[in-house]
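Next up, data.tsv (TSV, C-alpha atoms):
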chain	number	residue	atom	x	y	z
A	1	MET	CA	-46.16	-17.67	44.09
A	2	LYS	CA	-47.77	-16.01	41.07
A	3	LYS	CA	-45.82	-12.84	41.85
A	4	PHE	CA	-42.60	-14.84	41.98
A	5	LEU	CA	-43.37	-16.49	38.63
A	6	SER	CA	-44.07	-13.09	37.06
A	7	ILE	CA	-40.74	-11.74	38.25
A	8	ALA	CA	-38.88	-14.85	37.02
A	9	LEU	CA	-40.58	-14.61	33.64
A	10	ALA	CA	-39.63	-10.96	33.35
A	11	LEU	CA	-36.00	-11.73	34.19
A	12	LEU	CA	-35.99	-14.55	31.65
A	13	MET	CA	-37.22	-12.20	28.94
A	14	VAL	CA	-34.47	-9.71	29.77
A	15	CYS	CA	-31.84	-12.46	29.60
A	16	VAL	CA	-33.14	-13.59	26.21
A	17	MET	CA	-33.00	-10.06	24.86
A	18	LEU	CA	-29.46	-9.31	26.08
A	19	PRO	CA	-27.61	-11.19	23.29
A	20	VAL	CA	-29.71	-9.40	20.69
A	21	VAL	CA	-28.74	-6.04	22.13
A	22	ALA	CA	-25.08	-7.03	22.30
A	23	LEU	CA	-25.04	-8.10	18.64
A	24	ALA	CA	-26.71	-4.99	17.34
A	25	GLU	CA	-24.60	-2.76	15.05
A	26	GLY	CA	-24.70	0.88	14.20
A	27	THR	CA	-25.30	2.10	10.66
A	28	THR	CA	-23.81	5.57	11.04
A	29	LEU	CA	-20.72	7.03	12.68
A	30	PRO	CA	-21.06	9.33	15.70
A	31	ASP	CA	-20.65	13.05	15.20
A	32	ALA	CA	-17.22	14.50	15.80
A	33	VAL	CA	-16.52	16.10	19.17
A	34	ASP	CA	-13.70	18.62	18.98
A	35	GLY	CA	-12.67	17.02	15.69
A	36	VAL	CA	-12.67	13.45	17.02
A	37	VAL	CA	-15.10	10.68	16.02
A	38	THR	CA	-15.15	7.84	18.56
A	39	MET	CA	-16.84	4.55	17.69
A	40	VAL	CA	-18.52	2.69	20.56
A	41	GLU	CA	-19.85	-0.29	18.62
A	42	ASP	CA	-19.22	-2.28	15.43
A	43	THR	CA	-20.67	-0.27	12.59
A	44	THR	CA	-21.78	-1.14	9.07
A	45	LEU	CA	-22.37	2.04	7.10
A	46	ALA	CA	-25.59	2.24	5.14
A	47	THR	CA	-23.90	4.74	2.80
A	48	ALA	CA	-20.36	6.01	2.36
A	49	LYS	CA	-19.24	8.62	4.87
A	50	THR	CA	-17.36	11.65	3.49
A	51	TYR	CA	-15.03	13.91	5.48
A	52	THR	CA	-14.01	17.29	4.10
A	53	THR	CA	-12.62	18.83	7.31
A	54	ASP	CA	-9.80	17.78	9.61
A	55	THR	CA	-10.95	14.78	11.67
A	56	THR	CA	-9.57	11.95	13.80
A	57	ILE	CA	-11.50	8.68	13.58
A	58	ASP	CA	-10.95	6.53	16.66
A	59	LEU	CA	-12.37	3.12	15.84
A	60	GLY	CA	-12.51	2.29	19.53
A	61	ASN	CA	-11.10	-1.21	18.93
A	62	LYS	CA	-14.28	-1.98	16.93
A	63	THR	CA	-14.85	-2.89	13.28
A	64	LEU	CA	-16.06	-0.38	10.71
A	65	THR	CA	-17.54	-1.89	7.53
A	66	GLY	CA	-18.18	0.34	4.55
A	67	THR	CA	-16.49	3.22	2.73
A	68	ILE	CA	-14.81	6.35	4.07
A	69	ASN	CA	-14.21	9.19	1.59
A	70	VAL	CA	-11.68	11.93	2.37
A	71	ALA	CA	-11.69	15.01	0.13
A	72	ASN	CA	-11.34	18.77	-0.27
A	73	GLY	CA	-7.98	19.10	1.47
A	74	ALA	CA	-9.09	17.48	4.73
A	75	ASN	CA	-6.52	15.90	7.06
A	76	VAL	CA	-7.95	12.67	8.50
A	77	THR	CA	-6.24	10.28	10.94
A	78	ILE	CA	-7.59	6.76	11.54
A	79	LYS	CA	-6.57	4.64	14.54
A	80	ASN	CA	-7.48	1.82	16.95
A	81	GLY	CA	-9.52	-0.81	15.13
A	82	LYS	CA	-10.45	-2.70	11.98
A	83	MET	CA	-11.96	-1.62	8.68
A	84	SER	CA	-13.41	-3.66	5.83
A	85	GLY	CA	-15.41	-3.24	2.64
A	86	VAL	CA	-15.26	-3.14	-1.14
A	87	GLN	CA	-13.48	0.23	-1.33
A	88	VAL	CA	-12.50	0.89	2.25
A	89	ILE	CA	-10.87	4.33	1.98
A	90	ASN	CA	-11.13	6.66	-1.02
A	91	VAL	CA	-8.84	9.70	-1.14
A	92	TYR	CA	-9.72	12.59	-3.44
A	93	GLY	CA	-7.35	15.43	-4.19
A	94	THR	CA	-8.09	19.10	-4.36
A	95	THR	CA	-7.48	21.72	-7.02
A	96	SER	CA	-6.53	24.39	-4.48
A	97	GLY	CA	-5.42	24.79	-0.89
A	98	ASN	CA	-3.92	22.04	1.24
A	99	LYS	CA	-3.41	18.53	-0.02
A	100	THR	CA	-5.94	15.97	1.13
A	101	THR	CA	-4.12	13.86	3.73
A	102	VAL	CA	-4.93	10.47	5.24
A	103	ASN	CA	-2.90	9.03	8.12
A	104	ILE	CA	-3.47	5.36	8.97
A	105	GLU	CA	-1.82	4.38	12.23
A	106	SER	CA	-0.21	1.11	13.31
A	107	THR	CA	-3.27	0.13	15.36
A	108	VAL	CA	-5.40	-0.27	12.20
A	109	GLU	CA	-6.09	-3.41	10.15
A	110	ILE	CA	-7.84	-3.07	6.78
A	111	SER	CA	-9.34	-5.87	4.69
A	112	GLY	CA	-11.48	-5.96	1.58
A	113	LYS	CA	-11.30	-5.68	-2.20
A	114	TYR	CA	-9.54	-2.28	-2.37
A	115	GLY	CA	-7.76	-1.02	0.72
A	116	VAL	CA	-6.83	2.60	-0.07
A	117	CYS	CA	-7.72	4.19	-3.43
A	118	VAL	CA	-6.23	7.51	-4.53
A	119	PHE	CA	-8.20	9.52	-7.08
A	120	GLY	CA	-8.20	13.02	-8.51
A	121	GLU	CA	-10.58	15.78	-7.48
A	122	ASN	CA	-14.14	14.41	-7.62
A	123	ASN	CA	-12.87	11.20	-9.18
A	124	GLY	CA	-11.85	12.88	-12.38
A	125	ALA	CA	-9.91	16.13	-12.41
A	126	THR	CA	-6.31	16.52	-11.32
A	127	GLY	CA	-5.60	16.85	-7.64
A	128	ALA	CA	-3.03	16.06	-5.02
A	129	SER	CA	-3.15	13.87	-1.92
A	130	VAL	CA	-0.85	12.46	0.74
A	131	VAL	CA	-1.38	9.01	2.26
A	132	ASN	CA	0.75	7.95	5.24
A	133	LEU	CA	0.65	4.28	6.21
A	134	ASN	CA	2.38	4.20	9.57
A	135	GLY	CA	2.81	0.55	10.46
A	136	CYS	CA	-0.73	-0.54	9.61
A	137	LYS	CA	-1.72	-3.82	7.93
A	138	ILE	CA	-3.76	-4.07	4.74
A	139	THR	CA	-5.06	-7.34	3.32
A	140	ALA	CA	-6.93	-6.82	0.05
A	141	GLU	CA	-6.99	-7.70	-3.64
A	142	ALA	CA	-5.37	-4.30	-4.20
A	143	GLY	CA	-3.94	-2.89	-1.01
A	144	ILE	CA	-3.03	0.48	-2.56
A	145	PHE	CA	-4.62	1.56	-5.84
A	146	VAL	CA	-3.57	4.80	-7.54
A	147	SER	CA	-6.04	5.67	-10.27
A	148	GLY	CA	-4.86	6.29	-13.80
A	149	ASN	CA	-6.83	9.52	-13.93
A	150	LEU	CA	-3.92	11.19	-12.12
A	151	GLN	CA	-2.06	11.98	-15.32
A	152	ASN	CA	-1.06	15.62	-14.86
A	153	GLU	CA	-0.31	15.91	-11.16
A	154	ASN	CA	2.93	14.82	-9.51
A	155	GLY	CA	1.99	16.05	-6.07
A	156	ASN	CA	0.43	12.79	-4.88
A	157	ILE	CA	2.59	11.13	-2.24
A	158	ILE	CA	2.15	7.73	-0.59
A	159	ASN	CA	4.47	6.94	2.31
A	160	ILE	CA	4.51	3.29	3.35
A	161	ASN	CA	6.49	3.13	6.58
A	162	GLY	CA	6.75	-0.09	8.57
A	163	ALA	CA	3.50	-1.35	7.04
A	164	THR	CA	2.42	-4.74	5.73
A	165	ILE	CA	0.37	-5.00	2.54
A	166	GLU	CA	-0.72	-8.41	1.30
A	167	SER	CA	-2.92	-8.98	-1.74
A	168	VAL	CA	-5.51	-11.72	-1.77
A	169	PRO	CA	-4.95	-12.84	-4.45
A	170	GLU	CA	-3.93	-10.01	-6.77
A	171	ILE	CA	-1.53	-7.03	-6.51
A	172	ALA	CA	-0.40	-5.34	-3.31
A	173	VAL	CA	0.39	-1.91	-4.81
A	174	VAL	CA	-0.99	-0.71	-8.16
A	175	VAL	CA	0.28	2.65	-9.44
A	176	ASN	CA	-1.54	3.64	-12.63
A	177	GLY	CA	-1.34	7.43	-12.21
A	178	LYS	CA	1.17	10.11	-11.26
A	179	ALA	CA	2.26	9.56	-7.68
A	180	THR	CA	5.42	9.23	-5.63
A	181	VAL	CA	5.41	6.05	-3.54
A	182	ASN	CA	8.05	5.73	-0.82
A	183	VAL	CA	8.39	2.28	0.76
A	184	ASN	CA	10.52	1.97	3.90
A	185	ASN	CA	10.90	-0.96	6.31
A	186	SER	CA	7.74	-2.57	4.96
A	187	THR	CA	6.52	-5.87	3.53
A	188	LEU	CA	4.62	-6.03	0.22
A	189	LYS	CA	3.36	-9.41	-0.91
A	190	GLY	CA	1.00	-10.58	-3.63
A	191	ASP	CA	0.64	-12.57	-6.82
A	192	THR	CA	2.53	-9.49	-7.98
A	193	ALA	CA	3.73	-7.10	-5.29
A	194	ILE	CA	4.07	-3.83	-7.26
A	195	TYR	CA	2.65	-2.98	-10.70
A	196	LEU	CA	3.46	0.40	-12.27
A	197	LYS	CA	2.11	2.18	-15.33
A	198	ALA	CA	3.10	5.65	-14.11
A	199	GLY	CA	4.71	7.42	-11.18
A	200	THR	CA	7.79	6.92	-9.02
A	201	VAL	CA	8.49	4.13	-6.54
A	202	THR	CA	11.45	4.15	-4.14
A	203	LEU	CA	12.28	1.10	-2.00
A	204	ASN	CA	14.50	0.91	1.07
A	205	ASN	CA	14.96	-1.86	3.67
A	206	SER	CA	11.78	-3.63	2.59
A	207	LYS	CA	10.59	-7.08	1.54
A	208	VAL	CA	8.83	-7.34	-1.81
A	209	PHE	CA	7.50	-10.76	-2.79
A	210	GLY	CA	5.67	-12.03	-5.88
A	211	THR	CA	4.16	-15.46	-5.24
A	212	GLY	CA	1.59	-15.98	-8.01
A	213	ALA	CA	1.70	-18.13	-11.11
A	214	ALA	CA	3.98	-16.86	-13.86
A	215	ALA	CA	2.12	-15.06	-16.66
A	216	ALA	CA	3.14	-12.66	-19.41
A	217	PRO	CA	2.05	-9.05	-18.81
A	218	VAL	CA	-1.06	-8.17	-20.81
A	219	ALA	CA	-2.45	-4.81	-21.85
A	220	ASN	CA	-5.16	-3.78	-19.41
A	221	GLY	CA	-6.85	-0.40	-19.72
A	222	ASN	CA	-8.71	-0.72	-16.43
A	223	GLY	CA	-6.36	-1.89	-13.71
A	224	ALA	CA	-3.61	-4.49	-13.93
A	225	ASN	CA	-3.15	-8.25	-14.16
A	226	ALA	CA	-0.84	-10.18	-11.86
A	227	THR	CA	2.17	-11.84	-13.49
A	228	GLY	CA	3.87	-13.66	-10.64
A	229	ASP	CA	6.72	-11.13	-10.72
A	230	ALA	CA	7.67	-9.11	-7.67
A	231	ILE	CA	7.77	-5.79	-9.57
A	232	VAL	CA	6.42	-4.92	-13.04
A	233	LEU	CA	6.94	-1.67	-14.96
A	234	ASP	CA	4.48	-1.71	-17.87
A	235	SER	CA	4.51	0.68	-20.82
A	236	LYS	CA	0.80	0.85	-21.62
A	237	MET	CA	-0.81	3.30	-24.04
A	238	GLY	CA	-3.22	5.78	-22.49
A	239	TYR	CA	-1.31	6.14	-19.21
A	240	ALA	CA	0.89	9.00	-18.02
A	241	GLY	CA	4.03	6.87	-17.88
A	242	GLU	CA	7.26	8.62	-16.85
A	243	MET	CA	7.92	5.67	-14.55
A	244	VAL	CA	10.87	5.84	-12.18
A	245	LEU	CA	11.98	2.91	-10.03
A	246	ASN	CA	14.62	3.45	-7.36
A	247	ILE	CA	15.76	0.29	-5.59
A	248	GLY	CA	17.89	1.38	-2.67
A	249	THR	CA	19.71	-0.73	-0.12
A	250	GLY	CA	18.55	-3.41	2.29
A	251	ASN	CA	15.67	-4.74	0.18
A	252	THR	CA	14.83	-8.37	-0.49
A	253	ILE	CA	12.95	-8.58	-3.79
A	254	ALA	CA	11.96	-12.07	-4.87
A	255	SER	CA	9.56	-14.00	-7.09
A	256	THR	CA	8.62	-17.63	-6.62
A	257	ASN	CA	7.65	-18.26	-10.25
A	258	GLY	CA	8.60	-15.15	-12.21
A	259	TYR	CA	11.14	-12.33	-12.11
A	260	ALA	CA	12.12	-10.07	-9.26
A	261	LEU	CA	11.84	-7.20	-11.76
A	262	GLN	CA	10.27	-7.13	-15.20
A	263	VAL	CA	10.19	-4.10	-17.50
A	264	ALA	CA	7.44	-4.79	-20.05
A	265	ASN	CA	5.80	-3.22	-23.09
A	266	THR	CA	2.26	-4.54	-23.35
A	267	ASP	CA	1.11	-2.37	-26.25
A	268	VAL	CA	3.76	0.32	-26.79
A	269	THR	CA	5.75	-1.09	-29.70
A	270	VAL	CA	8.35	1.69	-30.03
A	271	GLY	CA	10.07	3.36	-27.10
A	272	THR	CA	9.23	3.06	-23.44
A	273	TYR	CA	7.24	4.87	-20.76
A	274	VAL	CA	10.02	4.17	-18.25
A	275	ALA	CA	12.19	7.21	-17.52
A	276	GLU	CA	14.65	5.86	-14.97
A	277	LEU	CA	15.73	2.55	-13.48
A	278	ASN	CA	18.19	2.96	-10.60
A	279	ILE	CA	19.46	0.05	-8.52
A	280	THR	CA	21.97	0.87	-5.79
A	281	GLY	CA	21.77	-2.29	-3.69
A	282	SER	CA	19.50	-5.10	-2.42
A	283	THR	CA	19.04	-8.75	-3.34
A	284	LEU	CA	16.92	-9.61	-6.39
A	285	THR	CA	15.94	-13.23	-6.97
A	286	GLY	CA	13.69	-14.77	-9.61
A	287	LYS	CA	12.79	-18.35	-10.37
A	288	THR	CA	15.48	-18.53	-13.05
A	289	ASP	CA	16.62	-14.92	-13.58
A	290	ALA	CA	16.29	-11.84	-11.42
A	291	VAL	CA	15.63	-9.30	-14.18
A	292	LYS	CA	13.90	-9.20	-17.54
A	293	LEU	CA	13.95	-6.03	-19.67
A	294	SER	CA	11.87	-5.40	-22.77
A	295	GLU	CA	13.62	-4.89	-26.11
A	296	GLN	CA	12.02	-1.45	-26.38
A	297	PHE	CA	13.43	-0.36	-23.04
A	298	VAL	CA	16.93	-1.62	-23.85
A	299	ALA	CA	16.88	0.15	-27.21
A	300	ALA	CA	15.67	3.38	-25.61
A	301	VAL	CA	18.47	3.39	-23.02
A	302	GLU	CA	21.05	2.88	-25.75
A	303	THR	CA	19.71	5.84	-27.76
A	304	GLU	CA	21.80	8.78	-26.62
A	305	ASP	CA	19.19	11.43	-27.42
A	306	ASN	CA	16.46	9.63	-25.46
A	307	ASN	CA	15.62	10.70	-21.90
A	308	VAL	CA	15.75	7.15	-20.58
A	309	SER	CA	18.42	5.88	-18.21
A	310	ALA	CA	19.38	2.71	-16.35
A	311	THR	CA	22.08	2.51	-13.67
A	312	VAL	CA	23.11	-0.44	-11.53
A	313	THR	CA	25.70	0.44	-8.87
A	314	GLY	CA	25.02	-2.35	-6.38
A	315	GLY	CA	22.97	-5.42	-5.57
A	316	THR	CA	23.01	-9.18	-5.96
A	317	PHE	CA	21.20	-10.88	-8.86
A	318	ASN	CA	20.60	-14.53	-9.64
A	319	GLY	CA	20.53	-16.20	-13.04
A	320	ASN	CA	21.61	-14.46	-16.23
A	321	THR	CA	23.25	-11.16	-15.28
A	322	ASP	CA	24.26	-10.17	-18.82
A	323	VAL	CA	21.03	-8.19	-19.04
A	324	ILE	CA	22.29	-5.65	-16.48
A	325	LYS	CA	26.05	-5.63	-17.11
A	326	LYS	CA	25.85	-2.79	-19.60
A	327	TYR	CA	24.30	-0.55	-16.93
A	328	ILE	CA	27.10	-1.06	-14.41
A	329	PRO	CA	29.38	2.03	-14.46
A	330	GLU	CA	33.15	2.12	-14.85
A	331	GLY	CA	34.96	1.15	-11.71
A	332	LYS	CA	32.47	-1.58	-10.86
A	333	THR	CA	31.85	-5.11	-12.07
A	334	ILE	CA	29.66	-8.10	-11.24
A	335	ASN	CA	31.33	-11.16	-9.75
A	336	SER	CA	30.59	-14.85	-10.13
A	337	ASN	CA	28.07	-14.67	-7.27
A	338	GLY	CA	26.02	-12.07	-9.14
A	339	THR	CA	27.06	-9.25	-6.81
A	340	VAL	CA	28.03	-5.82	-8.10
A	341	VAL	CA	31.38	-4.90	-6.55
A	342	ASP	CA	34.17	-2.36	-6.99
A	343	LYS	CA	36.87	-3.34	-9.44
A	344	THR	CA	40.22	-4.10	-7.79
A	345	ILE	CA	43.73	-3.54	-9.15
A	346	THR	CA	46.28	-6.21	-8.21
A	347	ILE	CA	49.92	-5.14	-7.96
A	348	VAL	CA	52.43	-8.00	-7.81
A	349	ILE	CA	55.75	-7.18	-6.11
A	350	SER	CA	58.40	-9.88	-6.59
A	351	GLY	CA	61.03	-10.73	-4.00
A	352	ASP	CA	64.72	-9.70	-4.22
A	353	THR	CA	66.15	-11.89	-6.95
A	354	PRO	CA	69.84	-11.65	-7.94
A	355	LYS	CA	70.23	-10.23	-11.41
A	356	THR	CA	71.61	-12.40	-14.16
A	357	ASP	CA	74.18	-11.35	-16.72
A	358	ASP	CA	71.52	-9.71	-18.86
A	359	GLN	CA	70.82	-7.33	-15.97
A	360	LYS	CA	74.32	-5.85	-16.09
A	361	ASN	CA	74.74	-2.19	-16.85
A	362	PRO	CA	74.80	-2.04	-20.65
A	363	ALA	CA	77.42	0.74	-20.62
A	364	THR	CA	79.99	-0.94	-18.40
A	365	GLY	CA	78.98	-4.57	-18.45
A	366	ALA	CA	79.15	-4.54	-14.65
A	367	ASN	CA	76.37	-5.80	-12.45
A	368	ASP	CA	74.22	-2.94	-11.04
A	369	PHE	CA	74.46	-4.32	-7.53
A	370	VAL	CA	78.26	-4.28	-7.77
A	371	GLY	CA	78.19	-0.68	-8.92
A	372	LEU	CA	75.97	0.31	-6.04
A	373	ALA	CA	78.25	-1.44	-3.56
A	374	ALA	CA	81.31	0.37	-4.93
A	375	ALA	CA	79.52	3.72	-4.75
A	376	ALA	CA	78.55	3.04	-1.15
A	377	ALA	CA	82.17	2.22	-0.29
A	378	VAL	CA	83.37	5.48	-1.81
A	379	VAL	CA	80.82	7.46	0.15
A	380	ALA	CA	81.87	5.70	3.35
A	381	LEU	CA	85.58	6.52	2.75
A	382	LEU	CA	84.82	10.16	2.04
A	383	GLY	CA	82.79	10.34	5.21
A	384	SER	CA	85.70	8.92	7.22
A	385	ALA	CA	88.04	11.49	5.70
A	386	VAL	CA	85.77	14.33	6.75
A	387	VAL	CA	85.60	13.05	10.29
A	388	LEU	CA	89.40	12.76	10.50
A	389	ARG	CA	89.93	16.30	9.24
A	390	LYS	CA	87.51	17.68	11.86
A	391	LYS	CA	89.57	16.06	14.57
Please lay out the structure from this file as structure tokens.
Amino acid sequence: MKKFLSIALALLMVCVMLPVVALAEGTTLPDAVDGVVTMVEDTTLATAKTYTTDTTIDLGNKTLTGTINVANGANVTIKNGKMSGVQVINVYGTTSGNKTTVNIESTVEISGKYGVCVFGENNGATGASVVNLNGCKITAEAGIFVSGNLQNENGNIININGATIESVPEIAVVVNGKATVNVNNSTLKGDTAIYLKAGTVTLNNSKVFGTGAAAAPVANGNGANATGDAIVLDSKMGYAGEMVLNIGTGNTIASTNGYALQVANTDVTVGTYVAELNITGSTLTGKTDAVKLSEQFVAAVETEDNNVSATVTGGTFNGNTDVIKKYIPEGKTINSNGTVVDKTITIVISGDTPKTDDQKNPATGANDFVGLAAAAAVVALLGSAVVLRKK
């Protein structure tokens, strides 16, 4: 009996300990095997983990909490799981060799304060990186954050393909430094969806929503403030500028309380840091008006010797469309529905109406139709004569 009780007690102790073992988490990532890191348990990093060589991180359908740094031209792919933290992924460029590249696959969900941050080499010098978001989901105060220290390098590329980025509660995509951001078949949603102070953004077949409270853009030298607009282009002193916005076809760009697109000058009083605004299609809807353009931007476009341009060749806009009419080229116009369309030429052809006396031949006074009938008769007689002579 005592032996039985001892065995039962031992089994009970094992059962009590099992939940503790199951809930335990790792504090470091496993070493790479043939370039692949495979997680086997939920992991909370004690310190940030940095990768400087080509690596695939397989999250193993687990959750990784902490910070991953990718630098020195490494090519890192992340798949199969969840990530969270304050700054979840930091991408640092390189001054030589291959661009640092991060690929985030569709099987990844990221949440936190900053989803993916793009910096220069060692968080200061110029550098170039490529970030590919291939169908993943990011939920963060700033889903994508491009640092303003990228002022002299245009080689940074962010491809957002089939991804969803939602800000809680701030800005989905913040571009403060030189970078090219390509958004295709994706959804961007936040108090403001996209906020630019530099770089190039191109949108195609995507949904871009601003849902926050309406607020005037304010000068911010360390980040950006949400305005409720879907897209903001802000001329702010101290930033690289040279902003280019290309709105292609198939996009739905809308703001609940603000504008679909606002071009602002928060502290640049003369001129603009916007280089190009090109709209070739899509639907833009604001609470009252789709578009608001700063006086400085409008004046810069109208100055012939200024390298600033605005072109609207397609799209549908609600509210006051006078603000964009001057940028619609010849051969196109905007109709009563706010849609940019090709101009049409209407040719009216009247039916056969007998001529009145004032339509008579001025030389003879005879009606032109009578003259034509007589001429036809003469031709007919001559033709008959020719036929008879041939016989």
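Checking A:Gly85, A:Gly250, A:Gly221, A:Gly338 one by one against A:Lys236, counting only C-alpha atoms, you find the shortest gap at A:Gly221.
The point (8.3, -16.6, -13.7) has these residues within 9 Å of it when all atoms listed in the file are used: Gly212, Ala213, Ala214, Ala215, Ala216, Thr227, Gly228, Asp229, Ser255, Thr256, Asn257, Gly258, Tyr259, Ala260, Gly286, Lys287, Thr288 and Asp289 of chain A.
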Near A:Val232, within 9 Å and counting only C-alpha atoms, which residues show up once chain neighbours fewer than 3 positions away are dropped, as number ranges by chain? A: 192-197, 217, 227, 229, 259-264
Please save C-alpha atoms of the selected residues as a PDB file, keeping the file's coordinate frame.
ATOM      1  CA  THR A 192       2.530  -9.490  -7.980  1.00  0.00           C
ATOM      2  CA  ALA A 193       3.730  -7.100  -5.290  1.00  0.00           C
ATOM      3  CA  ILE A 194       4.070  -3.830  -7.260  1.00  0.00           C
ATOM      4  CA  TYR A 195       2.650  -2.980 -10.700  1.00  0.00           C
ATOM      5  CA  LEU A 196       3.460   0.400 -12.270  1.00  0.00           C
ATOM      6  CA  LYS A 197       2.110   2.180 -15.330  1.00  0.00           C
ATOM      7  CA  PRO A 217       2.050  -9.050 -18.810  1.00  0.00           C
ATOM      8  CA  THR A 227       2.170 -11.840 -13.490  1.00  0.00           C
ATOM      9  CA  ASP A 229       6.720 -11.130 -10.720  1.00  0.00           C
ATOM     10  CA  TYR A 259      11.140 -12.330 -12.110  1.00  0.00           C
ATOM     11  CA  ALA A 260      12.120 -10.070  -9.260  1.00  0.00           C
ATOM     12  CA  LEU A 261      11.840  -7.200 -11.760  1.00  0.00           C
ATOM     13  CA  GLN A 262      10.270  -7.130 -15.200  1.00  0.00           C
ATOM     14  CA  VAL A 263      10.190  -4.100 -17.500  1.00  0.00           C
ATOM     15  CA  ALA A 264       7.440  -4.790 -20.050  1.00  0.00           C
TER      16      ALA A 264
END
Non-local contacts of stretch 161-175 of chain A (9 Å; all atoms listed in the file; under 2 positions in same chain excluded) as a VMD selection string: chain A and resid 106 112 to 113 132 to 148 159 177 to 179 181 to 201 206 210 212 223 to 226
Considering all atoms listed in the file, can you say which of A:Leu293, A:Val116, A:Ala299, A:Leu233 comes closest to A:Val218? A:Leu233
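Rounded to one decimal, atom CA of A:Val298 and atom CA of A:Ala254 lie 22.2 Å from each other.
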